[in-house]
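Right, one structure below, let's go through it.
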Amino acid sequence: RVPMMEPFRIRAVEPIPILTRAERRAALEAAGYNVFNLRSADVTIDLLSDSGTGATSIQQEAAAMVADEAYAGSRSWYRFVEEIEDLTGYPHILPVHQGRAGERILDAALLGPGKISISNTHFDTTAANVMLTGAEARNLPCPEAADLDSDQPFKGNIDLDALARTLSGPDGSRVALVLMTITNNGGGGQPVSMANMEAAKELCARHGIPFILDAARFGENAWLVKQREPGYERFTPREIARRAFDLADGTVVSLKKDGAGWGGGFIGLRDDALATQCEANLIATEGFSTYGGMTGHDLSRLAEGVREMVDPFYLAYRADAADHLATRVREAGVDTVRPSGLHGIYLNAGRLLSHLPPQRFPGHTLACQLYLDGGVRCSELGSLYLGELNDRNEVVTPAPYELVRLALPRRVYTQSHLEYVADVLAGIAAKPESLEGYRITHAPPVLRHFKVRLAPY
Ligand code: F0G
């Protein structure tokens, strides 16, 4: 086994901002204690998202340089669509500017008032798009997902018993879509096994319901299947990803993750009539069906990127980097959701700051402190994001867990950057009881976490 090493060297560098503590304090206060309001120029290590934040390769930039920006049928489009068809096998590929545009278009065709979308866990914008059609987004995560500390290999799975019960129960006729999110971002970045996908697909087929993949992290899920699911050791990540796409009736993919792009995505479909319906919406709202809101540069970069993101050497490095950070974090006394996935490390802030009730937002408190102490930006996944509030903006129903996600941009930070993050966290973990929490001063009615404002408790 090759020891961990970044499988690339750095040719162009971007200086990172280093601020004083007083400057960070002023920046966070001006941001209303919401890290989404910070300027990136005030952030030293940005672990807010792994989406559209990666580094491109020299091959991607070379492809972009010779891109074709024709309005219709550009060379870049053909390069892109041939690559995506080869990866996924879908006869209809509809390009979109990012994943959620694909969700909006597919949901408009399949859902509507009274309908239900079932998922292992809908991502937040995915759930919002379902609800915007008037439908219900229902999550059925497997029971193993509830134990954050267990090392079960596939805690991203859907609960097959609950799915079977729902499909044959009174709500069955209202289910219009089963969406499998791989990997399960809302569920701690945990993978979904091929066996679970096969069984879910079979249930859907029996009830005549489309089985769709939200495959934003198709390469990372494939890597974890290769490592953890018996029978897949000898397949390449690309072959495993293809098997997953083969199982499904269609897919929606954000290429801002495993496409190594700054933007982009696509819908892949088998059904001709559904594709025609989606294409009309696409042309009206995203762009013509040979670019869909992407430039030729994007299309060319992505055609390269999807290959690089299933390279086993790249994926092995990515898994090792995530694992290394998780190990360092746990050594520092902060528990993480186990086992660690690839695109992020989820910190158990509720346990670290157990002296703070959910009403004081322990996850958010930890995220703010990582910024104040080290300029590290990351996001809360706890009661600030998911809890129910009363009309005085106090939490009445907390989220099941108080987590913080350290998302890992692709190929951007080196091991010493990750060591730095672990050191900042270790400083916090040495005296957690000194933190006092936050209260909400303003909360918007939908997608609260993006626009909420807070003050120290
Ligand atoms: N599905 C999943 C599982 C995602 O994680 C995301 C985005 C989307 C869909 C939407 O894709 O951003 O291209 O419109 N996740 C980002 C994140 C934003 O930080 O986890 P998009």
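Identifiers in the structure tokens: chain A, B, ... in order shown; residue index from 1 per chain; ligand index from 1 in order shown.
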Could you please extract the residues within 10 Å of ligand 1, counting only C-alpha atoms and all ligand atoms, and hand them back as a PyMOL selection string?
chain A and resi 47-53+96-104+121-127+180-187+189+213-218+252-257+261-266+343-344+378-379+405+407-409
Exercise: Ser168 (chain A) partners within 12 Å, only C-alpha atoms, chain neighbours under 4 positions left out, as a ChimeraX atom specification
/A:161-164,172-175,203-204,206-209
Write the selection just made, keeping N, CA and C atoms, as a short mmCIF file (atom, residue, chain, number, x, y, z; two decimals), in the first residue's frame?
```cif
data_model
loop_
_atom_site.label_atom_id
_atom_site.label_comp_id
_atom_site.auth_asym_id
_atom_site.auth_seq_id
_atom_site.Cartn_x
_atom_site.Cartn_y
_atom_site.Cartn_z
N ASP A 161 -37.27 -1.69 4.46
CA ASP A 161 -38.56 -2.11 5.03
C ASP A 161 -39.55 -0.94 5.01
N ALA A 162 -39.05 0.23 5.41
CA ALA A 162 -39.94 1.41 5.42
C ALA A 162 -40.36 1.78 4.00
N LEU A 163 -39.44 1.61 3.06
CA LEU A 163 -39.78 1.91 1.66
C LEU A 163 -40.87 0.95 1.17
N ALA A 164 -40.68 -0.34 1.45
CA ALA A 164 -41.67 -1.33 1.02
C ALA A 164 -43.04 -1.05 1.65
N GLY A 172 -48.94 4.91 -0.93
CA GLY A 172 -48.19 4.34 -2.06
C GLY A 172 -48.51 4.98 -3.40
N SER A 173 -49.80 5.23 -3.63
CA SER A 173 -50.19 5.74 -4.94
C SER A 173 -49.73 7.19 -5.15
N ARG A 174 -49.35 7.87 -4.05
CA ARG A 174 -48.90 9.27 -4.19
C ARG A 174 -47.40 9.37 -4.41
N VAL A 175 -46.66 8.25 -4.23
CA VAL A 175 -45.20 8.30 -4.40
C VAL A 175 -44.89 8.35 -5.89
N LEU A 203 -37.97 -2.76 -5.73
CA LEU A 203 -39.24 -2.31 -5.14
C LEU A 203 -39.92 -1.27 -6.03
N CYS A 204 -39.12 -0.34 -6.55
CA CYS A 204 -39.67 0.71 -7.43
C CYS A 204 -40.26 0.09 -8.69
N ARG A 206 -41.42 -2.87 -9.12
CA ARG A 206 -42.65 -3.60 -8.81
C ARG A 206 -43.85 -2.65 -8.72
N HIS A 207 -43.60 -1.41 -8.28
CA HIS A 207 -44.70 -0.45 -8.13
C HIS A 207 -44.75 0.56 -9.27
N GLY A 208 -43.91 0.37 -10.28
CA GLY A 208 -43.93 1.26 -11.44
C GLY A 208 -43.53 2.70 -11.12
N ILE A 209 -42.58 2.85 -10.19
CA ILE A 209 -42.13 4.20 -9.78
C ILE A 209 -40.70 4.43 -10.25
#
```
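The residue set within 12 Å of Ala67 (chain A), counting only C-alpha atoms and dropping same-chain residues fewer than 3 places from it, reads Gln60, Glu61, Ala62, Ala63, Ala64, Ala70, Ser74, Arg75, Ser76, Trp77, Tyr78, Arg79, Phe80, Met294, Thr295, Gly296, His297, Asp298, Leu299, Ser300, Arg301, Leu302, Ala303 and Glu304 of chain A.
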Take the residues that were just selected and, keeping N, CA and C atoms, output them as a PDB file, in the first residue's frame.
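The result, written out as out.pdb:
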```pdb
ATOM      1  N   GLN A  60      -7.457  19.850 -17.647  1.00  0.00           N
ATOM      2  CA  GLN A  60      -8.743  20.562 -17.746  1.00  0.00           C
ATOM      3  C   GLN A  60      -8.547  21.953 -18.345  1.00  0.00           C
ATOM      4  N   GLU A  61      -7.484  22.642 -17.912  1.00  0.00           N
ATOM      5  CA  GLU A  61      -7.263  24.000 -18.431  1.00  0.00           C
ATOM      6  C   GLU A  61      -6.858  23.964 -19.895  1.00  0.00           C
ATOM      7  N   ALA A  62      -6.117  22.932 -20.281  1.00  0.00           N
ATOM      8  CA  ALA A  62      -5.747  22.804 -21.698  1.00  0.00           C
ATOM      9  C   ALA A  62      -7.001  22.585 -22.535  1.00  0.00           C
ATOM     10  N   ALA A  63      -7.910  21.748 -22.028  1.00  0.00           N
ATOM     11  CA  ALA A  63      -9.162  21.496 -22.753  1.00  0.00           C
ATOM     12  C   ALA A  63      -9.990  22.780 -22.851  1.00  0.00           C
ATOM     13  N   ALA A  64      -9.989  23.567 -21.765  1.00  0.00           N
ATOM     14  CA  ALA A  64     -10.764  24.814 -21.767  1.00  0.00           C
ATOM     15  C   ALA A  64     -10.192  25.791 -22.800  1.00  0.00           C
ATOM     16  N   ALA A  70     -19.599  27.876 -29.632  1.00  0.00           N
ATOM     17  CA  ALA A  70     -20.738  27.979 -30.561  1.00  0.00           C
ATOM     18  C   ALA A  70     -22.057  27.863 -29.799  1.00  0.00           C
ATOM     19  N   SER A  74     -21.714  22.662 -30.246  1.00  0.00           N
ATOM     20  CA  SER A  74     -20.278  22.971 -30.205  1.00  0.00           C
ATOM     21  C   SER A  74     -19.442  21.706 -30.029  1.00  0.00           C
ATOM     22  N   ARG A  75     -18.168  21.821 -30.428  1.00  0.00           N
ATOM     23  CA  ARG A  75     -17.238  20.700 -30.210  1.00  0.00           C
ATOM     24  C   ARG A  75     -17.194  20.346 -28.730  1.00  0.00           C
ATOM     25  N   SER A  76     -17.217  21.381 -27.884  1.00  0.00           N
ATOM     26  CA  SER A  76     -17.143  21.130 -26.435  1.00  0.00           C
ATOM     27  C   SER A  76     -18.342  20.312 -25.959  1.00  0.00           C
ATOM     28  N   TRP A  77     -19.521  20.611 -26.520  1.00  0.00           N
ATOM     29  CA  TRP A  77     -20.706  19.825 -26.158  1.00  0.00           C
ATOM     30  C   TRP A  77     -20.506  18.370 -26.535  1.00  0.00           C
ATOM     31  N   TYR A  78     -20.046  18.099 -27.747  1.00  0.00           N
ATOM     32  CA  TYR A  78     -19.898  16.697 -28.158  1.00  0.00           C
ATOM     33  C   TYR A  78     -18.862  15.970 -27.318  1.00  0.00           C
ATOM     34  N   ARG A  79     -17.804  16.678 -26.964  1.00  0.00           N
ATOM     35  CA  ARG A  79     -16.795  16.083 -26.095  1.00  0.00           C
ATOM     36  C   ARG A  79     -17.435  15.711 -24.747  1.00  0.00           C
ATOM     37  N   PHE A  80     -18.225  16.650 -24.198  1.00  0.00           N
ATOM     38  CA  PHE A  80     -18.890  16.468 -22.906  1.00  0.00           C
ATOM     39  C   PHE A  80     -19.890  15.321 -22.984  1.00  0.00           C
ATOM     40  N   MET A 294     -24.215  26.221 -19.399  1.00  0.00           N
ATOM     41  CA  MET A 294     -22.754  26.117 -19.242  1.00  0.00           C
ATOM     42  C   MET A 294     -22.061  26.744 -20.455  1.00  0.00           C
ATOM     43  N   THR A 295     -20.862  27.260 -20.216  1.00  0.00           N
ATOM     44  CA  THR A 295     -20.052  27.742 -21.336  1.00  0.00           C
ATOM     45  C   THR A 295     -19.342  26.543 -21.984  1.00  0.00           C
ATOM     46  N   GLY A 296     -18.814  26.745 -23.175  1.00  0.00           N
ATOM     47  CA  GLY A 296     -17.980  25.713 -23.797  1.00  0.00           C
ATOM     48  C   GLY A 296     -16.785  25.372 -22.916  1.00  0.00           C
ATOM     49  N   HIS A 297     -16.230  26.411 -22.254  1.00  0.00           N
ATOM     50  CA  HIS A 297     -15.103  26.167 -21.331  1.00  0.00           C
ATOM     51  C   HIS A 297     -15.492  25.174 -20.246  1.00  0.00           C
ATOM     52  N   ASP A 298     -16.687  25.403 -19.657  1.00  0.00           N
ATOM     53  CA  ASP A 298     -17.158  24.496 -18.594  1.00  0.00           C
ATOM     54  C   ASP A 298     -17.280  23.077 -19.129  1.00  0.00           C
ATOM     55  N   LEU A 299     -17.932  22.953 -20.292  1.00  0.00           N
ATOM     56  CA  LEU A 299     -18.187  21.626 -20.855  1.00  0.00           C
ATOM     57  C   LEU A 299     -16.872  20.879 -21.083  1.00  0.00           C
ATOM     58  N   SER A 300     -15.873  21.576 -21.597  1.00  0.00           N
ATOM     59  CA  SER A 300     -14.589  20.925 -21.879  1.00  0.00           C
ATOM     60  C   SER A 300     -13.859  20.547 -20.601  1.00  0.00           C
ATOM     61  N   ARG A 301     -13.901  21.465 -19.608  1.00  0.00           N
ATOM     62  CA  ARG A 301     -13.248  21.144 -18.327  1.00  0.00           C
ATOM     63  C   ARG A 301     -13.905  19.935 -17.671  1.00  0.00           C
ATOM     64  N   LEU A 302     -15.249  19.882 -17.756  1.00  0.00           N
ATOM     65  CA  LEU A 302     -15.979  18.797 -17.092  1.00  0.00           C
ATOM     66  C   LEU A 302     -15.731  17.456 -17.771  1.00  0.00           C
ATOM     67  N   ALA A 303     -15.598  17.466 -19.107  1.00  0.00           N
ATOM     68  CA  ALA A 303     -15.347  16.204 -19.816  1.00  0.00           C
ATOM     69  C   ALA A 303     -14.047  15.571 -19.310  1.00  0.00           C
ATOM     70  N   GLU A 304     -13.059  16.415 -18.975  1.00  0.00           N
ATOM     71  CA  GLU A 304     -11.808  15.919 -18.377  1.00  0.00           C
ATOM     72  C   GLU A 304     -12.030  15.565 -16.909  1.00  0.00           C
TER      73      GLU A 304
END
```
Please measure the separation of CA of Ile16 (chain A) and CA of Ile45 (chain A), giving the value in Å to one decimal.
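CA of Ile16 (chain A) sits 7.6 Å away from CA of Ile45 (chain A).
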For Glu29 (chain A), work out the shell of residues within 12 Å, counting only C-alpha atoms and skipping chain neighbours fewer than 3 positions away, then give it as a list in words.
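These residues fall inside the cut-off: Ala22, Glu23, Arg24, Arg25, Ala26, Gly32, Tyr33, Asn34, Val35, Asn37, Leu38, Cys368, Tyr371, Leu372, Tyr438, Arg453, Leu454, Ala455 and Pro456 of chain A.
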Could you tell me which of A:Thr88, A:Gln277, A:Ser354, A:Gln415 comes closest to Ile240 (chain A) if we count only C-alpha atoms?
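Looking at the shortest contact to Ile240 (chain A), the residue is A:Thr88.
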Would you give me, as a ChimeraX atom specification, the residues in region 3-43 of chain A that DSSP reads as helix (DSSP H, G or I)?
/A:21-30,35-37,40-42
Keeping only N, CA and C atoms, take the residues you just selected and write them out as a CSV table (one decimal), in the first residue's frame.
```
chain,number,residue,atom,x,y,z
A,21,ARG,N,-6.9,38.1,15.2
A,21,ARG,CA,-8.1,37.7,15.9
A,21,ARG,C,-9.1,38.9,15.9
A,22,ALA,N,-8.6,40.1,16.1
A,22,ALA,CA,-9.5,41.3,16.2
A,22,ALA,C,-10.2,41.5,14.8
A,23,GLU,N,-9.5,41.3,13.7
A,23,GLU,CA,-10.1,41.4,12.4
A,23,GLU,C,-11.2,40.3,12.2
A,24,ARG,N,-10.9,39.1,12.7
A,24,ARG,CA,-11.8,38.0,12.5
A,24,ARG,C,-13.1,38.3,13.3
A,25,ARG,N,-12.9,38.8,14.5
A,25,ARG,CA,-14.0,39.1,15.4
A,25,ARG,C,-14.9,40.2,14.8
A,26,ALA,N,-14.3,41.2,14.2
A,26,ALA,CA,-15.0,42.3,13.6
A,26,ALA,C,-15.8,41.7,12.3
A,27,ALA,N,-15.1,40.9,11.6
A,27,ALA,CA,-15.7,40.3,10.4
A,27,ALA,C,-16.9,39.5,10.7
A,28,LEU,N,-16.8,38.6,11.8
A,28,LEU,CA,-17.9,37.8,12.2
A,28,LEU,C,-19.1,38.6,12.7
A,29,GLU,N,-18.8,39.6,13.5
A,29,GLU,CA,-19.9,40.5,14.0
A,29,GLU,C,-20.6,41.1,12.8
A,30,ALA,N,-19.8,41.7,11.9
A,30,ALA,CA,-20.5,42.3,10.7
A,30,ALA,C,-21.3,41.3,9.9
A,35,VAL,N,-21.7,32.5,9.0
A,35,VAL,CA,-20.5,32.3,8.2
A,35,VAL,C,-20.8,32.5,6.7
A,36,PHE,N,-22.1,32.2,6.3
A,36,PHE,CA,-22.4,32.4,4.9
A,36,PHE,C,-22.3,33.9,4.5
A,37,ASN,N,-22.4,34.8,5.5
A,37,ASN,CA,-22.2,36.2,5.2
A,37,ASN,C,-20.8,36.7,5.2
A,40,SER,N,-15.0,35.9,1.5
A,40,SER,CA,-14.0,34.8,1.4
A,40,SER,C,-12.6,35.5,1.7
A,41,ALA,N,-12.5,36.8,1.4
A,41,ALA,CA,-11.2,37.4,1.7
A,41,ALA,C,-10.9,37.5,3.2
A,42,ASP,N,-11.9,37.2,4.0
A,42,ASP,CA,-11.7,37.1,5.5
A,42,ASP,C,-11.6,35.7,6.0
```
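Within 12 Å of Gly427 (chain A), once only C-alpha atoms are used and residues closer than 5 positions along the same chain are dropped, the contacting residues are Val329, Ala332, Gly333, Val334, Leu366, Gln369, Leu370, Leu372, Asp373, Gly374, Tyr420, Val421, Ala422, Pro432 and Ser434 of chain A.
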Keeping only N, CA and C atoms, take the residues you just selected and write them out as a compact mmCIF listing (two decimals), in the first residue's frame.
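Listing of selection13.txt after writing:
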```
# COMPACT_ATOMS: atom_id res chain seq x y z
N VAL A 329 -8.61 14.77 14.47
CA VAL A 329 -9.70 15.45 15.18
C VAL A 329 -10.11 14.62 16.40
N ALA A 332 -7.76 14.80 19.16
CA ALA A 332 -7.89 16.08 19.88
C ALA A 332 -9.08 16.08 20.82
N GLY A 333 -9.88 15.01 20.79
CA GLY A 333 -11.00 14.91 21.74
C GLY A 333 -12.34 15.29 21.15
N VAL A 334 -12.43 15.37 19.82
CA VAL A 334 -13.71 15.71 19.20
C VAL A 334 -14.20 14.49 18.42
N LEU A 366 -19.61 26.03 17.70
CA LEU A 366 -18.32 25.45 17.33
C LEU A 366 -17.84 26.01 15.98
N GLN A 369 -16.51 29.41 16.50
CA GLN A 369 -15.23 29.42 17.22
C GLN A 369 -14.08 28.98 16.32
N LEU A 370 -14.35 28.06 15.39
CA LEU A 370 -13.30 27.67 14.44
C LEU A 370 -12.89 28.87 13.60
N LEU A 372 -13.27 32.16 14.63
CA LEU A 372 -12.64 33.16 15.51
C LEU A 372 -11.21 32.77 15.87
N ASP A 373 -11.00 31.47 16.13
CA ASP A 373 -9.68 31.03 16.58
C ASP A 373 -8.71 30.80 15.42
N GLY A 374 -9.23 30.43 14.25
CA GLY A 374 -8.28 30.05 13.19
C GLY A 374 -8.66 30.49 11.79
N TYR A 420 -3.35 22.06 10.41
CA TYR A 420 -3.68 23.36 11.01
C TYR A 420 -5.13 23.35 11.54
N VAL A 421 -6.06 22.84 10.72
CA VAL A 421 -7.47 22.78 11.14
C VAL A 421 -7.60 21.93 12.41
N ALA A 422 -6.92 20.79 12.42
CA ALA A 422 -6.99 19.90 13.60
C ALA A 422 -6.42 20.61 14.83
N PRO A 432 -13.76 23.56 26.20
CA PRO A 432 -15.06 23.77 25.57
C PRO A 432 -16.06 24.53 26.45
N SER A 434 -15.84 27.07 28.07
CA SER A 434 -15.78 28.54 28.03
C SER A 434 -16.74 29.12 26.98
```
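Among the candidates A:Ala176, A:Leu447, A:Leu140, A:Val404, the residue lying nearest to Pro362 (chain A) is A:Val404 (atoms considered: only C-alpha atoms).
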Could you find all residues in region 239-335 of chain A that DSSP calls strand (DSSP E or B) from the backbone, and write them as a ChimeraX atom specification?
/A:250-254,265-269
Selected residues written out, N, CA and C atoms, as a PDB file, in the first residue's frame:
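So the final result, stored in part.pdb, reads:
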```pdb
ATOM      1  N   GLY A 250     -32.856   6.988 -14.130  1.00  0.00           N
ATOM      2  CA  GLY A 250     -32.338   8.297 -14.503  1.00  0.00           C
ATOM      3  C   GLY A 250     -31.494   8.847 -13.378  1.00  0.00           C
ATOM      4  N   THR A 251     -30.897  10.012 -13.623  1.00  0.00           N
ATOM      5  CA  THR A 251     -30.054  10.615 -12.596  1.00  0.00           C
ATOM      6  C   THR A 251     -30.069  12.123 -12.726  1.00  0.00           C
ATOM      7  N   VAL A 252     -29.814  12.773 -11.606  1.00  0.00           N
ATOM      8  CA  VAL A 252     -29.531  14.211 -11.601  1.00  0.00           C
ATOM      9  C   VAL A 252     -28.153  14.346 -10.969  1.00  0.00           C
ATOM     10  N   VAL A 253     -27.248  15.042 -11.647  1.00  0.00           N
ATOM     11  CA  VAL A 253     -25.870  15.113 -11.156  1.00  0.00           C
ATOM     12  C   VAL A 253     -25.401  16.565 -11.120  1.00  0.00           C
ATOM     13  N   SER A 254     -24.943  16.986  -9.954  1.00  0.00           N
ATOM     14  CA  SER A 254     -24.216  18.247  -9.846  1.00  0.00           C
ATOM     15  C   SER A 254     -22.765  17.944 -10.183  1.00  0.00           C
ATOM     16  N   GLY A 265     -23.756  20.568 -14.473  1.00  0.00           N
ATOM     17  CA  GLY A 265     -24.490  19.389 -14.045  1.00  0.00           C
ATOM     18  C   GLY A 265     -25.252  18.828 -15.227  1.00  0.00           C
ATOM     19  N   PHE A 266     -25.966  17.748 -14.989  1.00  0.00           N
ATOM     20  CA  PHE A 266     -26.793  17.192 -16.057  1.00  0.00           C
ATOM     21  C   PHE A 266     -27.898  16.314 -15.479  1.00  0.00           C
ATOM     22  N   ILE A 267     -28.918  16.098 -16.329  1.00  0.00           N
ATOM     23  CA  ILE A 267     -29.952  15.093 -16.050  1.00  0.00           C
ATOM     24  C   ILE A 267     -29.698  13.977 -17.047  1.00  0.00           C
ATOM     25  N   GLY A 268     -29.711  12.733 -16.594  1.00  0.00           N
ATOM     26  CA  GLY A 268     -29.604  11.587 -17.495  1.00  0.00           C
ATOM     27  C   GLY A 268     -30.901  10.799 -17.422  1.00  0.00           C
ATOM     28  N   LEU A 269     -31.474  10.456 -18.567  1.00  0.00           N
ATOM     29  CA  LEU A 269     -32.764   9.750 -18.562  1.00  0.00           C
ATOM     30  C   LEU A 269     -32.798   8.651 -19.618  1.00  0.00           C
TER      31      LEU A 269
END
```
What's the 12 Å shell around Ile116 (chain A), counting only C-alpha atoms, without same-chain residues fewer than 5 positions away, as a PyMOL selection string?
chain A and resi 107+110-111+127+130-131+133-139+166-167+171-179+209
Write a file of the just-selected residues containing N, CA and C atoms, as a PDB file, in the first residue's frame.
```pdb
ATOM      1  N   ASP A 107     -38.255  17.551 -11.220  1.00  0.00           N
ATOM      2  CA  ASP A 107     -39.371  17.578 -10.269  1.00  0.00           C
ATOM      3  C   ASP A 107     -40.618  18.186 -10.904  1.00  0.00           C
ATOM      4  N   LEU A 110     -42.184  15.332 -12.797  1.00  0.00           N
ATOM      5  CA  LEU A 110     -42.635  14.118 -12.094  1.00  0.00           C
ATOM      6  C   LEU A 110     -43.520  14.393 -10.885  1.00  0.00           C
ATOM      7  N   LEU A 111     -43.369  15.561 -10.270  1.00  0.00           N
ATOM      8  CA  LEU A 111     -44.057  15.818  -8.997  1.00  0.00           C
ATOM      9  C   LEU A 111     -45.151  16.863  -9.154  1.00  0.00           C
ATOM     10  N   ALA A 127     -34.774  18.969  -1.331  1.00  0.00           N
ATOM     11  CA  ALA A 127     -36.051  18.984  -0.612  1.00  0.00           C
ATOM     12  C   ALA A 127     -36.827  20.256  -0.966  1.00  0.00           C
ATOM     13  N   VAL A 130     -38.504  19.905  -4.312  1.00  0.00           N
ATOM     14  CA  VAL A 130     -39.672  19.022  -4.210  1.00  0.00           C
ATOM     15  C   VAL A 130     -40.856  19.813  -3.662  1.00  0.00           C
ATOM     16  N   MET A 131     -40.603  20.565  -2.592  1.00  0.00           N
ATOM     17  CA  MET A 131     -41.689  21.291  -1.920  1.00  0.00           C
ATOM     18  C   MET A 131     -42.221  22.432  -2.791  1.00  0.00           C
ATOM     19  N   THR A 133     -42.861  22.318  -5.817  1.00  0.00           N
ATOM     20  CA  THR A 133     -43.894  21.798  -6.727  1.00  0.00           C
ATOM     21  C   THR A 133     -45.191  21.513  -5.972  1.00  0.00           C
ATOM     22  N   GLY A 134     -45.163  21.641  -4.639  1.00  0.00           N
ATOM     23  CA  GLY A 134     -46.337  21.310  -3.833  1.00  0.00           C
ATOM     24  C   GLY A 134     -46.294  19.881  -3.304  1.00  0.00           C
ATOM     25  N   ALA A 135     -45.215  19.165  -3.604  1.00  0.00           N
ATOM     26  CA  ALA A 135     -45.098  17.769  -3.155  1.00  0.00           C
ATOM     27  C   ALA A 135     -44.395  17.692  -1.795  1.00  0.00           C
ATOM     28  N   GLU A 136     -44.374  16.468  -1.245  1.00  0.00           N
ATOM     29  CA  GLU A 136     -43.734  16.236   0.054  1.00  0.00           C
ATOM     30  C   GLU A 136     -42.399  15.512  -0.150  1.00  0.00           C
ATOM     31  N   ALA A 137     -41.362  15.956   0.558  1.00  0.00           N
ATOM     32  CA  ALA A 137     -40.059  15.276   0.530  1.00  0.00           C
ATOM     33  C   ALA A 137     -39.948  14.432   1.796  1.00  0.00           C
ATOM     34  N   ARG A 138     -39.932  13.102   1.619  1.00  0.00           N
ATOM     35  CA  ARG A 138     -39.924  12.221   2.795  1.00  0.00           C
ATOM     36  C   ARG A 138     -38.604  11.448   2.844  1.00  0.00           C
ATOM     37  N   ASN A 139     -37.907  11.557   3.967  1.00  0.00           N
ATOM     38  CA  ASN A 139     -36.622  10.858   4.125  1.00  0.00           C
ATOM     39  C   ASN A 139     -36.816   9.534   4.853  1.00  0.00           C
ATOM     40  N   THR A 166     -44.173   1.816   2.744  1.00  0.00           N
ATOM     41  CA  THR A 166     -44.771   3.044   2.202  1.00  0.00           C
ATOM     42  C   THR A 166     -45.360   2.783   0.823  1.00  0.00           C
ATOM     43  N   LEU A 167     -44.619   2.043  -0.003  1.00  0.00           N
ATOM     44  CA  LEU A 167     -45.086   1.832  -1.374  1.00  0.00           C
ATOM     45  C   LEU A 167     -46.345   0.975  -1.427  1.00  0.00           C
ATOM     46  N   ASP A 171     -50.195   5.579   1.353  1.00  0.00           N
ATOM     47  CA  ASP A 171     -49.557   6.682   0.617  1.00  0.00           C
ATOM     48  C   ASP A 171     -48.919   6.228  -0.696  1.00  0.00           C
ATOM     49  N   GLY A 172     -48.936   4.906  -0.931  1.00  0.00           N
ATOM     50  CA  GLY A 172     -48.187   4.339  -2.058  1.00  0.00           C
ATOM     51  C   GLY A 172     -48.509   4.985  -3.398  1.00  0.00           C
ATOM     52  N   SER A 173     -49.803   5.229  -3.628  1.00  0.00           N
ATOM     53  CA  SER A 173     -50.192   5.745  -4.944  1.00  0.00           C
ATOM     54  C   SER A 173     -49.735   7.188  -5.148  1.00  0.00           C
ATOM     55  N   ARG A 174     -49.348   7.872  -4.055  1.00  0.00           N
ATOM     56  CA  ARG A 174     -48.903   9.266  -4.188  1.00  0.00           C
ATOM     57  C   ARG A 174     -47.396   9.372  -4.406  1.00  0.00           C
ATOM     58  N   VAL A 175     -46.658   8.253  -4.234  1.00  0.00           N
ATOM     59  CA  VAL A 175     -45.199   8.302  -4.404  1.00  0.00           C
ATOM     60  C   VAL A 175     -44.887   8.353  -5.892  1.00  0.00           C
ATOM     61  N   ALA A 176     -44.227   9.427  -6.323  1.00  0.00           N
ATOM     62  CA  ALA A 176     -43.979   9.622  -7.748  1.00  0.00           C
ATOM     63  C   ALA A 176     -42.511   9.451  -8.107  1.00  0.00           C
ATOM     64  N   LEU A 177     -41.682   9.231  -7.086  1.00  0.00           N
ATOM     65  CA  LEU A 177     -40.244   9.259  -7.337  1.00  0.00           C
ATOM     66  C   LEU A 177     -39.513   8.711  -6.116  1.00  0.00           C
ATOM     67  N   VAL A 178     -38.532   7.830  -6.342  1.00  0.00           N
ATOM     68  CA  VAL A 178     -37.616   7.456  -5.262  1.00  0.00           C
ATOM     69  C   VAL A 178     -36.226   7.936  -5.671  1.00  0.00           C
ATOM     70  N   LEU A 179     -35.646   8.778  -4.828  1.00  0.00           N
ATOM     71  CA  LEU A 179     -34.386   9.442  -5.143  1.00  0.00           C
ATOM     72  C   LEU A 179     -33.301   8.942  -4.202  1.00  0.00           C
ATOM     73  N   ILE A 209     -42.576   2.850 -10.193  1.00  0.00           N
ATOM     74  CA  ILE A 209     -42.135   4.203  -9.779  1.00  0.00           C
ATOM     75  C   ILE A 209     -40.702   4.429 -10.253  1.00  0.00           C
TER      76      ILE A 209
END
```
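Between CA of Glu308 (chain A) and CA of Gly73 (chain A) there is a distance of 24.6 Å.
Restricting the calculation to only C-alpha atoms, the smallest distance between Asn348 (chain A) and any of A:Ile283, A:Ala326, A:Leu87, A:Leu94 is found for A:Ala326.
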By how many Å are CA of Leu224 (chain A) and CA of Ala199 (chain A) apart?
18.5 Å
Select, from A:Asp320, A:Glu380, A:Glu69, A:Asp246, the residue with the minimum atom-to-atom distance to Leu418 (chain A), counting only C-alpha atoms.
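Answer, going by the shortest atom-to-atom distance: A:Asp320.
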Quick one: residues within 8 Å of Arg338 (chain A), only C-alpha atoms, excluding same-chain residues fewer than 5 positions away - as an NGL selection string?
:A and (148-151)
